[in-house]
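This is run02.txt (compact mmCIF, C-alpha atoms).
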# COMPACT_ATOMS: atom_id res chain seq x y z
CA MET A 669 0.00 0.00 0.00
CA ASN A 670 1.01 3.61 -0.55
CA GLU A 671 0.81 6.64 1.70
CA ILE A 672 1.40 10.35 1.26
CA VAL A 673 4.24 11.84 3.29
CA PHE A 674 4.32 15.63 3.50
CA GLY A 675 6.64 18.35 4.76
CA VAL A 676 10.17 19.23 3.65
CA HIS A 677 12.11 17.26 6.28
CA PRO A 678 10.07 14.03 6.14
CA VAL A 679 10.07 14.00 2.33
CA ARG A 680 13.79 14.72 2.19
CA GLU A 681 14.60 11.88 4.60
CA VAL A 682 12.35 9.42 2.75
CA LEU A 683 14.38 10.15 -0.39
CA ARG A 684 17.74 10.27 1.36
CA ARG A 685 17.17 7.04 3.27
CA GLY A 686 15.96 5.24 0.15
CA ALA A 687 14.35 2.39 2.08
CA ARG A 688 10.89 2.90 0.60
CA ARG A 689 9.87 2.93 -3.04
CA CYS A 690 8.68 6.38 -4.03
CA ARG A 691 6.14 6.93 -6.80
CA GLU A 692 5.68 10.66 -7.38
CA LEU A 693 6.84 13.91 -5.80
CA PHE A 694 4.42 16.84 -5.80
CA VAL A 695 5.74 20.38 -5.34
CA SER A 696 3.69 23.54 -5.11
CA ARG A 697 4.52 26.05 -7.80
CA SER A 698 4.25 28.84 -5.20
CA THR A 699 6.60 27.40 -2.58
CA LYS A 700 9.60 29.55 -1.66
CA ASP A 701 11.32 27.14 0.74
CA ALA A 702 15.03 27.02 -0.18
CA SER A 703 15.26 23.39 0.99
CA ILE A 704 13.07 22.32 -1.93
CA LYS A 705 16.11 22.45 -4.24
CA GLU A 706 17.83 19.71 -2.24
CA VAL A 707 14.68 17.58 -2.27
CA LEU A 708 14.34 17.98 -6.03
CA ALA A 709 17.94 16.89 -6.53
CA LEU A 710 17.38 13.80 -4.38
CA ALA A 711 14.19 12.96 -6.27
CA ARG A 712 15.84 13.25 -9.65
CA GLY A 713 18.79 11.18 -8.45
CA ALA A 714 16.34 8.48 -7.38
CA ARG A 715 14.43 8.79 -10.67
CA VAL A 716 11.22 9.81 -8.94
CA GLU A 717 8.79 11.69 -11.15
CA VAL A 718 8.35 15.31 -10.07
CA LYS A 719 5.11 17.19 -10.65
CA PHE A 720 4.67 20.93 -10.06
CA VAL A 721 1.08 21.60 -9.05
CA GLY A 722 -1.12 24.22 -7.47
CA LYS A 723 -1.13 24.62 -3.68
CA ASP A 724 -4.76 23.45 -3.58
CA GLU A 725 -3.81 20.04 -4.94
CA ILE A 726 -1.27 19.48 -2.18
CA GLU A 727 -3.83 20.71 0.36
CA GLN A 728 -6.08 17.89 -0.79
CA MET A 729 -3.27 15.35 -0.44
CA ALA A 730 -2.39 16.48 3.11
CA PRO A 731 -5.62 17.89 4.59
CA GLY A 732 -4.95 19.82 7.77
CA GLY A 733 -1.21 19.12 7.66
CA ASN A 734 1.64 21.61 7.53
CA HIS A 735 2.83 20.33 4.15
CA GLN A 736 5.16 23.28 3.33
CA GLY A 737 4.22 22.91 -0.33
CA ILE A 738 5.59 19.40 -0.83
CA ALA A 739 4.30 15.81 -0.66
CA ILE A 740 5.47 12.43 -1.89
CA VAL A 741 3.61 9.22 -2.69
CA THR A 742 5.62 6.37 -1.20
CA GLU A 743 5.27 2.89 0.21
CA GLU A 744 3.55 2.68 3.57
CA PHE A 745 5.77 3.08 6.62
CA PRO A 746 7.18 -0.39 7.43
CA LEU A 747 6.34 -2.13 10.70
CA TYR A 748 8.39 -5.02 12.09
CA VAL A 749 7.66 -8.04 14.22
CA LEU A 750 9.94 -8.56 17.20
CA GLU A 751 11.89 -11.45 15.72
CA GLU A 752 12.77 -9.40 12.62
CA ALA A 753 14.09 -6.52 14.71
CA LEU A 754 16.16 -8.86 16.88
CA GLY A 755 17.96 -10.23 13.84
CA GLY A 756 21.42 -8.89 13.05
CA ASN A 757 22.74 -5.83 14.88
CA SER A 758 19.82 -4.94 17.14
CA GLY A 759 21.68 -2.22 19.08
CA LYS A 760 22.28 -1.48 22.76
CA LEU A 761 19.13 0.56 23.43
CA TRP A 762 15.49 -0.09 22.62
CA LEU A 763 12.46 1.93 23.66
CA GLY A 764 9.04 0.54 24.58
CA LEU A 765 5.87 2.65 24.64
CA ASP A 766 2.96 1.57 26.82
CA GLN A 767 -0.32 3.11 25.67
CA ILE A 768 1.08 6.26 24.06
CA THR A 769 -1.97 7.27 22.02
CA ASP A 770 -1.22 10.92 21.17
CA PRO A 771 0.33 11.17 17.67
CA HIS A 772 2.19 14.36 18.65
CA ASN A 773 3.83 12.52 21.55
CA LEU A 774 4.75 9.59 19.31
CA GLY A 775 6.28 11.84 16.65
CA ALA A 776 8.36 13.72 19.21
CA ILE A 777 9.45 10.45 20.87
CA LEU A 778 10.62 9.00 17.55
CA ARG A 779 12.72 12.09 16.97
CA ASN A 780 14.20 11.79 20.46
CA ALA A 781 14.92 8.10 19.91
CA ALA A 782 16.84 8.81 16.71
CA CYS A 783 18.79 11.64 18.33
CA PHE A 784 19.92 9.50 21.27
CA GLY A 785 20.64 6.21 19.52
CA ALA A 786 17.56 4.11 20.27
CA GLY A 787 17.13 2.53 16.85
CA THR A 788 14.12 0.35 17.71
CA VAL A 789 10.83 1.43 19.27
CA VAL A 790 8.20 -1.11 20.34
CA VAL A 791 4.53 -0.04 20.31
CA THR A 792 1.41 -2.07 20.93
CA GLU A 793 -1.06 -3.06 18.25
CA ARG A 794 -3.93 -1.66 20.34
CA ARG A 795 -4.12 1.55 22.37
CA SER A 796 -1.19 3.09 20.58
CA ALA A 797 -0.66 5.83 18.04
CA ARG A 798 0.60 4.60 14.69
CA PRO A 799 3.36 6.06 12.47
CA THR A 800 0.96 7.97 10.24
CA PRO A 801 2.12 10.74 7.88
CA LEU A 802 1.20 13.25 10.63
CA VAL A 803 3.47 11.41 13.10
CA GLN A 804 6.23 11.33 10.49
CA LYS A 805 5.85 15.09 9.97
CA ILE A 806 6.14 15.71 13.72
CA ALA A 807 9.22 13.46 13.83
CA SER A 808 10.74 15.76 11.18
CA GLY A 809 12.21 12.91 9.12
CA ALA A 810 13.70 10.99 12.06
CA ALA A 811 11.15 8.17 11.72
CA GLU A 812 13.01 6.94 8.63
CA TYR A 813 15.88 5.85 10.89
CA ILE A 814 13.78 3.97 13.44
CA ARG A 815 12.51 0.39 13.34
CA ILE A 816 9.02 0.34 14.79
CA VAL A 817 7.95 -3.02 16.17
CA GLU A 818 4.20 -3.50 16.49
CA ALA A 819 3.61 -5.96 19.33
CA ILE A 820 0.34 -7.76 19.96
CA ASN A 821 1.22 -7.99 23.65
CA LEU A 822 3.90 -5.81 25.28
CA ASN A 823 4.45 -8.18 28.20
CA GLN A 824 5.08 -11.13 25.89
CA SER A 825 7.59 -8.98 24.02
CA ILE A 826 9.33 -8.14 27.30
CA ARG A 827 9.71 -11.84 28.09
CA LYS A 828 11.19 -12.51 24.64
CA LEU A 829 13.59 -9.60 25.00
CA LYS A 830 14.70 -10.91 28.38
CA ASP A 831 15.34 -14.29 26.78
CA ALA A 832 17.48 -12.46 24.21
CA GLY A 833 19.57 -10.90 26.99
CA PHE A 834 17.90 -7.50 27.42
CA TRP A 835 17.63 -5.73 30.77
CA VAL A 836 14.26 -4.04 31.22
CA TYR A 837 13.85 -0.62 32.85
CA GLY A 838 10.48 1.03 33.44
CA ALA A 839 9.92 4.74 34.03
CA ALA A 840 7.81 5.26 37.16
CA ALA A 841 7.44 8.01 39.76
CA GLU A 842 8.33 5.58 42.56
CA GLY A 843 11.43 4.31 40.76
CA LYS A 844 15.06 4.82 41.74
CA PRO A 845 16.37 8.27 40.70
CA LEU A 846 18.35 8.16 37.46
CA PRO A 847 21.69 9.23 38.98
CA GLU A 848 21.56 6.17 41.27
CA VAL A 849 20.99 3.63 38.49
CA ARG A 850 23.66 1.86 36.49
CA LEU A 851 22.23 0.75 33.15
CA ASN A 852 23.16 -2.66 31.72
CA ASP A 853 23.07 -3.34 28.00
CA PRO A 854 21.30 -4.24 25.89
CA ALA A 855 18.60 -2.17 27.57
CA PHE A 856 14.87 -1.96 26.97
CA LEU A 857 13.49 1.29 28.39
CA ILE A 858 9.70 1.52 28.82
CA ILE A 859 7.72 4.76 29.03
CA GLY A 860 4.00 4.94 29.78
CA ALA A 861 1.33 7.54 29.17
CA GLU A 862 1.26 10.69 31.27
CA GLY A 863 -0.93 10.18 34.32
CA THR A 864 -1.45 6.42 34.14
CA GLY A 865 2.18 5.47 33.51
CA ILE A 866 3.13 1.91 32.62
CA ARG A 867 0.67 -0.80 33.59
CA ARG A 868 1.03 -2.84 36.79
CA ARG A 869 1.90 -6.17 35.17
CA THR A 870 4.44 -4.47 32.93
CA ARG A 871 6.07 -2.86 35.98
CA GLU A 872 6.35 -6.28 37.60
CA LEU A 873 8.31 -7.57 34.60
CA CYS A 874 10.87 -4.76 34.79
CA ASP A 875 14.29 -5.48 36.25
CA GLU A 876 14.28 -2.00 37.73
CA LEU A 877 12.04 1.06 37.89
CA VAL A 878 13.67 4.45 37.33
CA SER A 879 12.48 8.01 37.92
CA ILE A 880 13.46 11.51 36.83
CA PRO A 881 14.43 13.69 39.81
CA GLN A 882 12.42 16.90 39.85
CA ALA A 883 12.50 20.12 41.80
CA PRO A 884 9.67 20.50 44.33
CA GLY A 885 6.78 22.50 42.98
CA ALA A 886 3.35 22.45 41.37
CA VAL A 887 4.35 20.36 38.33
CA SER A 888 4.31 16.69 39.32
CA SER A 889 5.21 15.03 36.02
CA LEU A 890 6.47 15.53 32.48
CA ASN A 891 4.52 14.55 29.42
CA ALA A 892 5.66 11.40 27.64
CA SER A 893 7.72 13.09 24.94
CA CYS A 894 9.57 15.36 27.38
CA ALA A 895 10.20 12.45 29.74
CA SER A 896 11.51 10.37 26.84
CA ALA A 897 14.08 13.05 25.98
CA VAL A 898 15.45 13.06 29.54
CA LEU A 899 15.42 9.27 29.87
CA LEU A 900 16.96 8.64 26.46
CA PHE A 901 19.71 11.19 27.03
CA TRP A 902 20.52 9.52 30.37
CA ALA A 903 20.52 6.07 28.73
CA SER A 904 22.68 7.25 25.84
CA GLN A 905 25.23 8.62 28.31
CA GLN A 906 25.23 5.36 30.26
CA LEU A 907 25.68 3.24 27.13
CA GLY A 908 28.13 5.49 25.30
CA LEU A 909 25.66 6.46 22.58
CA ALA A 910 25.48 10.21 23.25
CA GLY A 911 26.36 12.45 20.35
CA SER A 912 25.46 9.99 17.60
CA VAL A 913 22.28 9.44 15.64
CA ASP A 914 21.50 5.78 14.92
CA ARG A 915 21.25 5.60 11.13
CA GLN A 916 21.64 1.82 10.97
CA ALA A 917 17.97 0.91 11.33
CA ASP A 918 18.24 -1.90 8.82
Can you present the structure in this file as C-alpha cells?
Amino acid sequence: MNEIVFGVHPVREVLRRGARRCRELFVSRSTKDASIKEVLALARGARVEVKFVGKDEIEQMAPGGNHQGIAIVTEEFPLYVLEEALGGNSGKLWLGLDQITDPHNLGAILRNAACFGAGTVVVTERRSARPTPLVQKIASGAAEYIRIVEAINLNQSIRKLKDAGFWVYGAAAEGKPLPEVRLNDPAFLIIGAEGTGIRRRTRELCDELVSIPQAPGAVSSLNASCASAVLLFWASQQLGLAGSVDRQAD
C-alpha cells in the first residue's frame, strides 16, 4: 500500500534514506522554501517523477497538515515483528511505549529516539498511536531511521527480549532516581502515558524502575515526549551512545 508523506524534512529523509519505493513527488509552484532544491535533486537522483502543481492540490493530499508545499507518494511506513528486529545488529538501546496514544507525543518520541541512539521502538497493536504521515511530519524525518515493532502484547515482548539478553527498565514516579541507576546493556526502556504510567503487570516484569528527579513545585510530572528526551539522554550517556544518531535501522 502507498501513503502520502508531506513536509520538507520528512520528504527529504524518505528520499535520502531510500528504504521505501517512491512513486511521485508533488511540489507547489508557489513554494519559496530554499530546501526544496535539495529535495528535487534527491528525487531526480532516485528517478522519482516530479510534478509541479497548485497549492490546492497538495492541500487535498495532506488535509490539515503543515505540508510546506511538498508531498510524496511512497510505500507505507514499514512495521516489524519482534523477531525481525532482533535479527542482526539490534543495538544497545530499545524503547518501549505503553499506551502512548497521542500522535504528537509519538512523533516527538521517535525524533528523540533517533537523536539518542535508540534505533528500535516497540509499540502495541492496540491503544497506541501509529506512524501515520502526521506522526512522520512531527518526527521531522527521524522516523526513517527507526525500526518500529508493532507488538500484539507488550508483556510477551518483554519476556522474549529478556530471553534475548535484554535488561528491562520502566519509568515510574516511585522508581530509583536516574543518577543512582547503572544501566546494563542491551537495555529496553519503557515509558507509559502521562498520568497512568506503565501498567502494573508491565512494571512487575521490569528489572528496575527508574524516575526523573524533579524540583519540588506544582508540576508533578512531564509529558511522555519530554520524559523520553530526559530518559533517552541519560541512557545514551550510560551506554556510550550520546552524540550519535543511529542511522543503521536496517
Using only C-alpha atoms, the best pick from A:Pro678, A:Pro847, A:Pro731, A:Pro801 as closest to Tyr813 of chain A would be A:Pro678
Tell me which protein, DNA and RNA residues are within 7 Å of segment 873-886 of chain A, counting all atoms listed in the file, leaving out same-chain ones fewer than 6 positions away, and put them as a PDB file with C-alpha atoms, in the coordinates of the input.
ATOM      1  CA  TRP A 835      17.630  -5.730  30.770  1.00  0.00           C
ATOM      2  CA  VAL A 836      14.260  -4.040  31.220  1.00  0.00           C
ATOM      3  CA  TYR A 837      13.850  -0.620  32.850  1.00  0.00           C
ATOM      4  CA  GLY A 838      10.480   1.030  33.440  1.00  0.00           C
ATOM      5  CA  ALA A 839       9.920   4.740  34.030  1.00  0.00           C
ATOM      6  CA  ALA A 840       7.810   5.260  37.160  1.00  0.00           C
ATOM      7  CA  ALA A 841       7.440   8.010  39.760  1.00  0.00           C
ATOM      8  CA  GLU A 842       8.330   5.580  42.560  1.00  0.00           C
ATOM      9  CA  GLY A 843      11.430   4.310  40.760  1.00  0.00           C
ATOM     10  CA  LYS A 844      15.060   4.820  41.740  1.00  0.00           C
ATOM     11  CA  PRO A 845      16.370   8.270  40.700  1.00  0.00           C
ATOM     12  CA  LEU A 846      18.350   8.160  37.460  1.00  0.00           C
TER      13      LEU A 846
END
Residue neighbourhood Asp770 of chain A, 8 Å, only C-alpha atoms, exclusion window fewer than 3 positions, as an MDAnalysis selection string: chainID A and resid 773:774 796:797
Write out, as a PDB file, keeping the file's coordinate frame, the residues just selected, with C-alpha atoms.
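Wrote it out as result11.pdb, contents follow:
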ATOM      1  CA  ASN A 773       3.830  12.520  21.550  1.00  0.00           C
ATOM      2  CA  LEU A 774       4.750   9.590  19.310  1.00  0.00           C
ATOM      3  CA  SER A 796      -1.190   3.090  20.580  1.00  0.00           C
ATOM      4  CA  ALA A 797      -0.660   5.830  18.040  1.00  0.00           C
TER       5      ALA A 797
END
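Closest approach to Ser696 of chain A among A:Gly860, A:Gly756, A:Gly737, A:Gly675: A:Gly737, based on all atoms listed in the file.
Restricting the calculation to all atoms listed in the file, the smallest distance between Asn734 of chain A and any of A:Pro799, A:Val676, A:Gly908, A:Leu899 is found for A:Val676.
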Kindly give the distance, in Å, that separates atom CA of Ala903 of chain A and atom CA of Arg794 of chain A, rounded to a single decimal. 27.0 Å
Counting all atoms listed in the file, closest pick from A:Cys783, A:Met729, A:Val673, A:Ile806 relative to Phe901 of chain A is A:Cys783
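Distances to Val790 of chain A were evaluated for A:Trp762, A:Phe720, A:Trp902, A:Phe694 using all atoms listed in the file, and the minimum falls at A:Trp762.
Counting only C-alpha atoms and comparing A:Arg684, A:Lys723, A:Arg798, A:Arg815, the residue that lies closest to Ala782 of chain A is A:Arg815.
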Around the point (7.5, 20.1, -9.9), in the coordinates given by the file, pick out the residues reaching within 12 Å, counting only C-alpha atoms, and return them as a PyMOL selection string. chain A and resi 692-699+704-705+707-709+711-712+716-723+726+737-740
Residues of the last selection are to be written out with C-alpha atoms, as a tab-separated table (two decimals), in the frame of the given file.
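File written: out_33.tsv
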chain	number	residue	atom	x	y	z
A	692	GLU	CA	5.68	10.66	-7.38
A	693	LEU	CA	6.84	13.91	-5.80
A	694	PHE	CA	4.42	16.84	-5.80
A	695	VAL	CA	5.74	20.38	-5.34
A	696	SER	CA	3.69	23.54	-5.11
A	697	ARG	CA	4.52	26.05	-7.80
A	698	SER	CA	4.25	28.84	-5.20
A	699	THR	CA	6.60	27.40	-2.58
A	704	ILE	CA	13.07	22.32	-1.93
A	705	LYS	CA	16.11	22.45	-4.24
A	707	VAL	CA	14.68	17.58	-2.27
A	708	LEU	CA	14.34	17.98	-6.03
A	709	ALA	CA	17.94	16.89	-6.53
A	711	ALA	CA	14.19	12.96	-6.27
A	712	ARG	CA	15.84	13.25	-9.65
A	716	VAL	CA	11.22	9.81	-8.94
A	717	GLU	CA	8.79	11.69	-11.15
A	718	VAL	CA	8.35	15.31	-10.07
A	719	LYS	CA	5.11	17.19	-10.65
A	720	PHE	CA	4.67	20.93	-10.06
A	721	VAL	CA	1.08	21.60	-9.05
A	722	GLY	CA	-1.12	24.22	-7.47
A	723	LYS	CA	-1.13	24.62	-3.68
A	726	ILE	CA	-1.27	19.48	-2.18
A	737	GLY	CA	4.22	22.91	-0.33
A	738	ILE	CA	5.59	19.40	-0.83
A	739	ALA	CA	4.30	15.81	-0.66
A	740	ILE	CA	5.47	12.43	-1.89
Could you give me, as JSON, numbers by chain, the residues within 8 Å of Ala781 of chain A, counting only C-alpha atoms and dropping anything in the same chain fewer than 4 positions from it? {"A": [763, 777, 785, 786, 787, 789, 814, 897, 900]}
Let's have the selection written as a CSV table (one decimal), keeping the file's coordinate frame, with C-alpha atoms.
chain,number,residue,atom,x,y,z
A,763,LEU,CA,12.5,1.9,23.7
A,777,ILE,CA,9.4,10.4,20.9
A,785,GLY,CA,20.6,6.2,19.5
A,786,ALA,CA,17.6,4.1,20.3
A,787,GLY,CA,17.1,2.5,16.8
A,789,VAL,CA,10.8,1.4,19.3
A,814,ILE,CA,13.8,4.0,13.4
A,897,ALA,CA,14.1,13.0,26.0
A,900,LEU,CA,17.0,8.6,26.5
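In this model, the gap between atom CA of Arg779 of chain A and atom CA of Ala892 of chain A comes to 12.8 Å.
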Please compute the atom CA of Gly865 of chain A-atom CA of Gly733 of chain A distance, one decimal, in Å. 29.4 Å
Spatial neighbours of Lys828 of chain A, 12 Å, all atoms listed in the file, chain gap at least 3 places, as a VMD selection string: chain A and resid 749 to 751 753 to 754 819 821 to 825 831 to 836 856 873
